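I have placed the structure first, in the form of structure tokens, so that the comments after it can refer back to it.
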Protein chains: 2
Amino acid sequence: MGIKKPVIAVDIMGGDFGPPVVLPGALAAARSSNIDLLLVGRKEAIELELKQHDCSGVNFEIVHAAEVALMNEQPSDILRRKKDASIQICCRLVKEAKADGFVSAGHSGASVACGMFIIGRVPGVERPALATIIPTEKNPAILLDVGANVDCKAHHLFQFGLMAHPFAQDLLDISSPRIGLLSIGEEEGKGNNLVKESYDLFKLAKNINFVGNVEGRDLFTGDVDVIVSDGFVGNVALKLSEGLAGSLARVLKREIFSSTVTKLGAWLSKSAFKRFSRIVDYAEYGGAPLLGLQNIAIVCHGKSNIKAITNATIMAANYVRKGTNQRLTEAISANEELSRYSKAIKH
Amino acid sequence: MGIKKPVIAVDIMGGDFGPPVVLPGALAAARSSNIDLLLVGRKEAIELELKQHDCSGVNFEIVHAAEVALMNEQPSDILRRKKDASIQICCRLVKEAKADGFVSAGHSGASVACGMFIIGRVPGVERPALATIIPTEKNPAILLDVGANVDCKAHHLFQFGLMAHPFAQDLLDISSPRIGLLSIGEEEGKGNNLVKESYDLFKLAKNINFVGNVEGRDLFTGDVDVIVSDGFVGNVALKLSEGLAGSLARVLKREIFSSTVTKLGAWLSKSAFKRFSRIVDYAEYGGAPLLGLQNIAIVCHGKSNIKAITNATIMAANYVRKGTNQRLTEAISANEELSRYSKAIKH
């Protein structure tokens with residue numbers, strides 16, 4: 001494990017920009033972090049793009065995929081009917097142990113469906129979850145689920161927390177990440193029925209550091225490392241954050257450019273603005289780990305730039321090297337009785 | 001109606017700061033907008049505070065309330081056991097038609113409980129909802145429910161939209177406010193079960209302008225006037241927005257003050273920052289209307305300053321003058337069959 005280089009399958013056709021962005025992103029990751037690549041997509045498109053880049057020192061192989069998952073297709077249709085789609089082939093390469101994990105900026109619903117049914121879930125895991133890494137005032141934090149599961153039960157939320165535990169350990173390099181439940185009040189007993197039932201499970205959980213409920217305003221302070229919610233609330237929270245940061249930036253720009261003096265002020269303070277935008281830049285973290293599969297899977301934003309793909313590929317390799325998924329399996333297994341009990345009783 | 005001055009009962013004991021903030025806030029509203037006041041709270045505290053202010057030209061009456069609702073008390077306990085709490089007396093004054101509406105910055109759960117059981121609901125309304133007014137890049141928008149109802153059914157969300165319609169008309173002075181449903185994708189069929197069922201009701205609604213699903217990122221663009229969600233999601237969204245705006249401001253400040261040049265830049269552009277913070281300032285709108293009661297009720301943030309109380313009191317009087325609640329009653333009544341049908345079928 002320590003000697004073998006991680007092999008990452010990269011869906012070169014995925015994302016809004018395809019090969020011209022994904023390929024150089026993957027190559028940069030391979031060179032900087034000693035990763036072997038399987039480049040999955042249309043052979044001709046990949047070969048054509050490869051000519052534009054210096055590939056010396058990178059160990060890669062092209063794996064032809066005749067089809068591409070389109071954004072307007074249903075995940076289930078892609079899974080059933082598009083056997084040669086690049087995302088399906090990425091998952092098969094992982095399933096056949098030819099790759100240790102995959103990265104895709106394509107159709108995220110297809111990544112979830114193909115990951116779940118081709119690679120398969122960790123024993124005991126009922127619902128894989130998308131975990132996004134958000135910037136905070138201090139260290140980054142993990143918010144999950146952000147859209148893989150819109151209607152959840154308490155034991156799903158409980159497993160989301162268990163699964164995020166080892167990923168937060170490795171992301172932040174800490175032994176005991178603080179896990180909070182997104183609610184509308186800090187005290188036990190605050191929240192909707194789903195949150196209250198989940199709280200009861202977390203209180204009894206083994207080997208994790210549950211810190212109780214957290215509120216929307218705690219997401220960005222950095223005082224909690226993992227924030228657990230259902231996929232509907234998590235997705236609303238994520239998109240709201242992106243939207244609000246964008247709106248605030250536009251309003252500030254409009255106000256600043258309304259006079260010469262404020263414009264001069266903005267010019268002088270632009271290095272501060274630059275550092276500031278780096279903090280709110282999603283590309284810093286690259287992608288969202290899809291937790292609960294037998295192997296590592298990173299789902300990237302469709303709008304990912306080269307840097308985002310590079311960071312997502314490095315992230316995938318790091319989780320492979322650190323054996324994060326093994327610890328996820330242990331966390332699920334240590335708490336399996338509790339999950340099964342909660343699933344069995346009718347709420 | 002056009003001639004009679006609105007009478008607003010103000011809970012002088014409410015809020016983190018009590019009489020020294022609430023009293024001058026109410027007095028300023030009464031003077032600027034021709035409102036009669038009922039000042040509800042401990043007589044001695046109000047009389048003492050009144051000595052600090054110029055009350056000339058303001059028509060007011062003190063209504064003694066021996067008790068105060070405390071933040072750590074359950075709303076149901078306040079309702080049942082604290083008959084002399086200022087919030088209960090405010091509601092009784094409205095019920096007995098001695099006041100046209102009330103304003104309170106106290107325990108918001110107590111305001112909802114006392115409003116619902118003392119003042120009573122508009123016929124057909126099942127759940128009153130807290131509607132907060134949020135700043136956007138263009139005009140303000142209404143987000144509801146933000147916490148009165150954490151577990152909702154489709155017909156509740158449907159009624160939230162119907163109730164917000166006349167309030168948005170009067171807030172924005174437009175005839176046909178755009179009503180959107182907060183979800184995780186714009187297309188019909190996206191969202192959790194609750195949102196999908198609510199969508200079906202809104203599609204059939206009479207006399208409102210339903211524009212479909214909106215995402216978290218659409219909240220602050222100003223392209224929709226009313227955003228409907230359950231009280232859990234709405235409360236998370238509201239607190240997350242407040243928290244993120246605060247975190248971004250702190251990070252920007254830290255970056256700017258890290259060098260003399262950027263500090264000078266910030267000083268030059270400070271008028272832009274000032275205009276910017278006015279946009280994200282909740283005090284601009286004062287309070288959250290509690291929709292669905294027989295009369296106007298405005299619930300303010302516990303941290304409300306004088307300006308917020310003033311604006312909330314003016315808002316209450318404006319809604320009384322414009323007969324907003326009559327149009328709410330009509331909107332509910334025009335769609336009653338649909339609400340009743342949805343309630344009757346089992347989802």
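Ordering of the structure tokens sets the chain letters (A, B, ...); residue numbers start at 1 within each chain; ligands are numbered from 1 in the order shown.
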Requested in this report: Starting from chain B, keep only residues with some atom at most 6 Å from an atom of chain A, counting only C-alpha atoms, and report them as an MDAnalysis selection string.
Outcome: chainID B and resid 150:151 192 216:217 236 239:240 243 252 255:256 262 265:266 268:269 272 276
Report task. Enumerate, as a PyMOL selection string, the complete set of residues in stretch 11-186 of chain A that a backbone-based DSSP assignment places in strand (DSSP E or B). Result -> chain A and resi 11+36-41+60-64+67+85+101-104+121+129-134+141-144+178-182
Query raised in the report: Leaving out A:His165 and any residue of its chain fewer than 3 positions from it, which residues lie within 9 Å of it when counting only C-alpha atoms, given as a ChimeraX atom specification?
Result: /A:160-162,168-170,176-179,208-209,226,327-328,331
Kindly save the residues from that selection, with N, CA, C and O atoms included, as a compact mmCIF listing (two decimals), in the first residue's frame.
# COMPACT_ATOMS: atom_id res chain seq x y z
N PHE A 160 -24.35 9.03 7.67
CA PHE A 160 -23.60 10.12 7.03
C PHE A 160 -22.50 10.62 7.97
O PHE A 160 -21.36 10.85 7.57
N GLY A 161 -22.87 10.80 9.23
CA GLY A 161 -21.90 11.25 10.23
C GLY A 161 -20.77 10.26 10.42
O GLY A 161 -19.59 10.64 10.49
N LEU A 162 -21.13 8.97 10.52
CA LEU A 162 -20.10 7.93 10.69
C LEU A 162 -19.14 7.91 9.51
O LEU A 162 -17.92 7.76 9.67
N ALA A 168 -12.92 13.36 7.45
CA ALA A 168 -12.54 14.59 8.14
C ALA A 168 -11.21 14.40 8.86
O ALA A 168 -10.37 15.31 8.90
N GLN A 169 -10.99 13.21 9.42
CA GLN A 169 -9.68 12.92 10.06
C GLN A 169 -8.55 13.20 9.09
O GLN A 169 -7.56 13.87 9.41
N ASP A 170 -8.68 12.67 7.86
CA ASP A 170 -7.59 12.77 6.89
C ASP A 170 -7.52 14.15 6.23
O ASP A 170 -6.45 14.65 5.91
N SER A 176 -9.94 13.42 16.12
CA SER A 176 -11.31 13.36 16.62
C SER A 176 -12.16 14.53 16.10
O SER A 176 -12.51 15.44 16.85
N PRO A 177 -12.50 14.50 14.80
CA PRO A 177 -13.28 15.62 14.25
C PRO A 177 -14.62 15.81 14.96
O PRO A 177 -15.27 14.83 15.35
N ARG A 178 -15.01 17.07 15.13
CA ARG A 178 -16.28 17.40 15.80
C ARG A 178 -17.43 17.27 14.80
O ARG A 178 -17.43 17.93 13.75
N ILE A 179 -18.40 16.42 15.12
CA ILE A 179 -19.52 16.16 14.21
C ILE A 179 -20.78 16.80 14.76
O ILE A 179 -21.18 16.55 15.90
N ILE A 208 -17.10 8.14 17.79
CA ILE A 208 -17.10 9.44 17.11
C ILE A 208 -17.37 10.55 18.13
O ILE A 208 -17.90 10.30 19.20
N ASN A 209 -17.02 11.77 17.72
CA ASN A 209 -17.12 12.93 18.61
C ASN A 209 -18.32 13.79 18.21
O ASN A 209 -18.18 14.74 17.45
N VAL A 226 -17.61 18.58 10.85
CA VAL A 226 -18.53 17.86 9.97
C VAL A 226 -19.95 18.33 10.29
O VAL A 226 -20.35 18.34 11.46
N ARG A 327 -11.25 2.76 7.29
CA ARG A 327 -11.75 3.30 8.57
C ARG A 327 -13.24 3.63 8.51
O ARG A 327 -13.95 3.54 9.50
N LEU A 328 -13.72 4.02 7.30
CA LEU A 328 -15.17 4.23 7.12
C LEU A 328 -15.90 2.91 7.37
O LEU A 328 -16.91 2.87 8.09
N ALA A 331 -16.07 2.24 11.03
CA ALA A 331 -17.02 3.11 11.74
C ALA A 331 -18.45 2.63 11.54
O ALA A 331 -19.27 2.64 12.46
Requested in this report: Figure out the distance between atom CA of A:Ser198 and atom CA of B:Glu126, please, to one decimal in Å.
Outcome: 27.5 Å
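Among B:Ala308, B:Val103, B:Ile314, B:Ile332, the residue with the shortest atom-to-atom distance to B:Phe158, counting only C-alpha atoms, is B:Ile332.
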So that I can check the surroundings of stretch 27-33 of chain B, please list as a short mmCIF file (atom, residue, chain, number, x, y, z; two decimals) with N, CA and C atoms, in the first residue's frame every protein, DNA and RNA residue that reaches within 12 Å of it, counting only C-alpha atoms and ignoring chain neighbours fewer than 6 positions away.
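That gives us result.cif:
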data_model
loop_
_atom_site.label_atom_id
_atom_site.label_comp_id
_atom_site.auth_asym_id
_atom_site.auth_seq_id
_atom_site.Cartn_x
_atom_site.Cartn_y
_atom_site.Cartn_z
N LYS B 5 -56.82 56.21 12.86
CA LYS B 5 -55.39 55.92 13.01
C LYS B 5 -55.21 54.47 13.47
N PRO B 6 -54.23 53.75 12.92
CA PRO B 6 -54.01 52.39 13.41
C PRO B 6 -53.53 52.44 14.85
N VAL B 7 -54.02 51.46 15.65
CA VAL B 7 -53.56 51.32 17.03
C VAL B 7 -52.70 50.06 17.11
N ILE B 8 -51.44 50.24 17.51
CA ILE B 8 -50.53 49.10 17.59
C ILE B 8 -50.13 48.86 19.05
N ALA B 9 -50.30 47.61 19.50
CA ALA B 9 -49.84 47.22 20.84
C ALA B 9 -48.38 46.80 20.72
N VAL B 10 -47.52 47.42 21.52
CA VAL B 10 -46.09 47.09 21.45
C VAL B 10 -45.65 46.46 22.78
N ILE B 12 -43.35 46.15 25.20
CA ILE B 12 -42.21 46.98 25.59
C ILE B 12 -41.13 46.15 26.32
N PRO B 19 -37.19 47.91 27.52
CA PRO B 19 -37.72 49.27 27.37
C PRO B 19 -36.76 50.31 26.78
N PRO B 20 -35.46 50.35 27.14
CA PRO B 20 -34.60 51.41 26.60
C PRO B 20 -34.46 51.38 25.08
N VAL B 21 -34.75 50.25 24.45
CA VAL B 21 -34.69 50.17 22.99
C VAL B 21 -36.10 50.15 22.38
N LEU B 39 -48.69 50.80 25.03
CA LEU B 39 -47.39 50.38 25.53
C LEU B 39 -47.61 49.31 26.61
N GLU B 49 -38.86 54.87 31.87
CA GLU B 49 -38.21 55.03 30.57
C GLU B 49 -38.81 56.22 29.80
N LEU B 50 -40.11 56.44 29.98
CA LEU B 50 -40.78 57.54 29.26
C LEU B 50 -40.17 58.90 29.61
N GLN B 52 -37.22 59.67 29.88
CA GLN B 52 -36.01 59.90 29.08
C GLN B 52 -36.34 60.42 27.68
N HIS B 53 -37.61 60.40 27.29
CA HIS B 53 -37.94 60.70 25.90
C HIS B 53 -38.98 61.81 25.78
N ASP B 54 -38.95 62.45 24.64
CA ASP B 54 -39.94 63.48 24.32
C ASP B 54 -41.14 62.79 23.70
N CYS B 55 -42.28 62.84 24.40
CA CYS B 55 -43.46 62.10 23.91
C CYS B 55 -44.49 63.06 23.32
N SER B 56 -44.13 64.32 23.13
CA SER B 56 -45.11 65.29 22.64
C SER B 56 -45.63 64.86 21.27
N GLY B 57 -46.92 64.99 21.10
CA GLY B 57 -47.53 64.67 19.80
C GLY B 57 -47.79 63.19 19.59
N VAL B 58 -47.40 62.37 20.57
CA VAL B 58 -47.66 60.93 20.41
C VAL B 58 -48.84 60.53 21.29
N ASN B 59 -49.80 59.86 20.70
CA ASN B 59 -50.97 59.40 21.43
C ASN B 59 -50.72 57.98 21.92
N PHE B 60 -50.56 57.84 23.24
CA PHE B 60 -50.27 56.50 23.74
C PHE B 60 -51.01 56.22 25.05
N GLU B 61 -51.06 54.96 25.41
CA GLU B 61 -51.66 54.54 26.66
C GLU B 61 -50.79 53.42 27.22
N VAL B 103 -46.65 44.24 17.99
CA VAL B 103 -45.23 44.10 17.65
C VAL B 103 -44.52 43.58 18.88
N GLY B 286 -36.97 45.52 9.87
CA GLY B 286 -37.54 45.51 11.21
C GLY B 286 -37.98 44.20 11.77
N ILE B 306 -33.15 50.17 17.98
CA ILE B 306 -34.26 51.12 17.94
C ILE B 306 -34.86 51.22 16.53
N LYS B 307 -33.97 51.28 15.54
CA LYS B 307 -34.42 51.42 14.15
C LYS B 307 -35.29 50.24 13.73
N ALA B 308 -34.89 49.02 14.13
CA ALA B 308 -35.65 47.83 13.77
C ALA B 308 -37.05 47.87 14.36
N ILE B 309 -37.14 48.31 15.64
CA ILE B 309 -38.46 48.41 16.29
C ILE B 309 -39.32 49.46 15.59
N THR B 310 -38.69 50.59 15.26
CA THR B 310 -39.43 51.64 14.55
C THR B 310 -40.00 51.10 13.24
N ASN B 311 -39.13 50.45 12.45
CA ASN B 311 -39.58 49.96 11.15
C ASN B 311 -40.64 48.86 11.28
N ALA B 312 -40.50 48.02 12.30
CA ALA B 312 -41.49 46.96 12.50
C ALA B 312 -42.85 47.56 12.85
N THR B 313 -42.85 48.61 13.69
CA THR B 313 -44.11 49.25 14.10
C THR B 313 -44.77 49.95 12.92
N ILE B 314 -43.93 50.62 12.11
CA ILE B 314 -44.48 51.27 10.90
C ILE B 314 -45.05 50.21 9.95
N MET B 315 -44.32 49.08 9.82
CA MET B 315 -44.77 48.00 8.95
C MET B 315 -46.14 47.48 9.39
N ALA B 316 -46.29 47.28 10.71
CA ALA B 316 -47.57 46.79 11.23
C ALA B 316 -48.69 47.76 10.87
N ALA B 317 -48.45 49.05 11.07
CA ALA B 317 -49.48 50.07 10.79
C ALA B 317 -49.81 50.11 9.30
N ASN B 318 -48.78 49.96 8.45
CA ASN B 318 -49.03 49.99 7.00
C ASN B 318 -49.92 48.83 6.55
N ARG B 321 -53.41 49.62 7.53
CA ARG B 321 -54.00 50.64 6.64
C ARG B 321 -54.38 50.06 5.28
#
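The residue that comes closest to B:Ala141, out of B:Asp230, B:Asp200, B:Asp225, B:Asp173 and on the basis of only C-alpha atoms, is B:Asp225.
If you look at atom CA of A:Cys114 and atom CA of A:Asp11, they are 12.7 Å away from each other.
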Report task. Give the helix (DSSP H, G or I) residues of stretch 103-192 of chain B, as DSSP finds them on the backbone, and put them as a ChimeraX atom specification. Result -> /B:108-119,154-172
Query raised in the report: Near A:His155, counting only C-alpha atoms, which residues have an atom at most 7 Å away, once you skip same-chain residues fewer than 2 positions from it, shown as a ChimeraX atom specification?
Result: /A:153,157-159,198,339,342-343
What does the file look like for those residues with N, CA and C atoms, as an mmCIF file, in the first residue's frame?
data_model
loop_
_atom_site.group_PDB
_atom_site.id
_atom_site.type_symbol
_atom_site.label_atom_id
_atom_site.label_comp_id
_atom_site.auth_asym_id
_atom_site.auth_seq_id
_atom_site.Cartn_x
_atom_site.Cartn_y
_atom_site.Cartn_z
ATOM 1 N N LYS A 153 -34.150 9.037 6.308
ATOM 2 C CA LYS A 153 -34.585 8.577 7.629
ATOM 3 C C LYS A 153 -33.427 8.829 8.613
ATOM 4 N N LEU A 157 -29.020 9.681 8.209
ATOM 5 C CA LEU A 157 -28.239 10.814 8.710
ATOM 6 C C LEU A 157 -27.144 10.335 9.659
ATOM 7 N N PHE A 158 -27.498 9.345 10.454
ATOM 8 C CA PHE A 158 -26.528 8.785 11.403
ATOM 9 C C PHE A 158 -25.327 8.208 10.640
ATOM 10 N N GLN A 159 -25.600 7.447 9.602
ATOM 11 C CA GLN A 159 -24.499 6.865 8.822
ATOM 12 C C GLN A 159 -23.695 7.944 8.080
ATOM 13 N N SER A 198 -32.467 11.525 14.748
ATOM 14 C CA SER A 198 -31.050 11.322 14.434
ATOM 15 C C SER A 198 -30.174 11.655 15.641
ATOM 16 N N SER A 339 -27.788 1.262 13.867
ATOM 17 C CA SER A 339 -28.428 1.584 12.589
ATOM 18 C C SER A 339 -29.555 0.620 12.292
ATOM 19 N N SER A 342 -32.607 1.254 14.506
ATOM 20 C CA SER A 342 -33.350 2.441 14.108
ATOM 21 C C SER A 342 -34.148 2.193 12.836
ATOM 22 N N LYS A 343 -33.555 1.406 11.925
ATOM 23 C CA LYS A 343 -34.230 1.103 10.668
ATOM 24 C C LYS A 343 -35.465 0.239 10.941
#
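In this model, the gap between atom CA of A:Glu44 and atom CA of A:Ser86 comes to 13.6 Å.
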Requested in this report: Mind checking which residues fall within 6 Å of B:Ile119, counting only C-alpha atoms, ignoring those fewer than 4 positions away in the same chain, and posting them as a PyMOL selection string?
Outcome: chain B and resi 91+95+115
May I have the residues from that selection written out with N, CA, C and O atoms, as a tab-separated table (two decimals), in the first residue's frame?
chain	number	residue	atom	x	y	z
B	91	CYS	N	-51.75	40.24	22.84
B	91	CYS	CA	-52.68	39.45	22.02
B	91	CYS	C	-54.13	39.66	22.45
B	91	CYS	O	-55.02	39.73	21.61
B	95	LYS	N	-57.31	40.85	20.28
B	95	LYS	CA	-58.52	40.03	20.25
B	95	LYS	C	-59.75	40.87	20.60
B	95	LYS	O	-60.81	40.74	19.99
B	115	GLY	N	-50.42	34.25	19.67
B	115	GLY	CA	-51.12	34.77	18.49
B	115	GLY	C	-52.13	33.77	17.98
B	115	GLY	O	-53.29	34.10	17.69
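Using only C-alpha atoms, the shortest contact distance between B:Ala85 and any of B:Ile134, B:Glu67, B:Glu73, B:Ala99 is found at B:Glu67.
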Query raised in the report: Could you name the residues that touch B:Ala66 at 12 Å or less, counting only C-alpha atoms, but leaving out those on the same chain fewer than 2 positions away, as a PyMOL selection string?
Result: chain B and resi 13+40-46+63-64+68-69+82-89
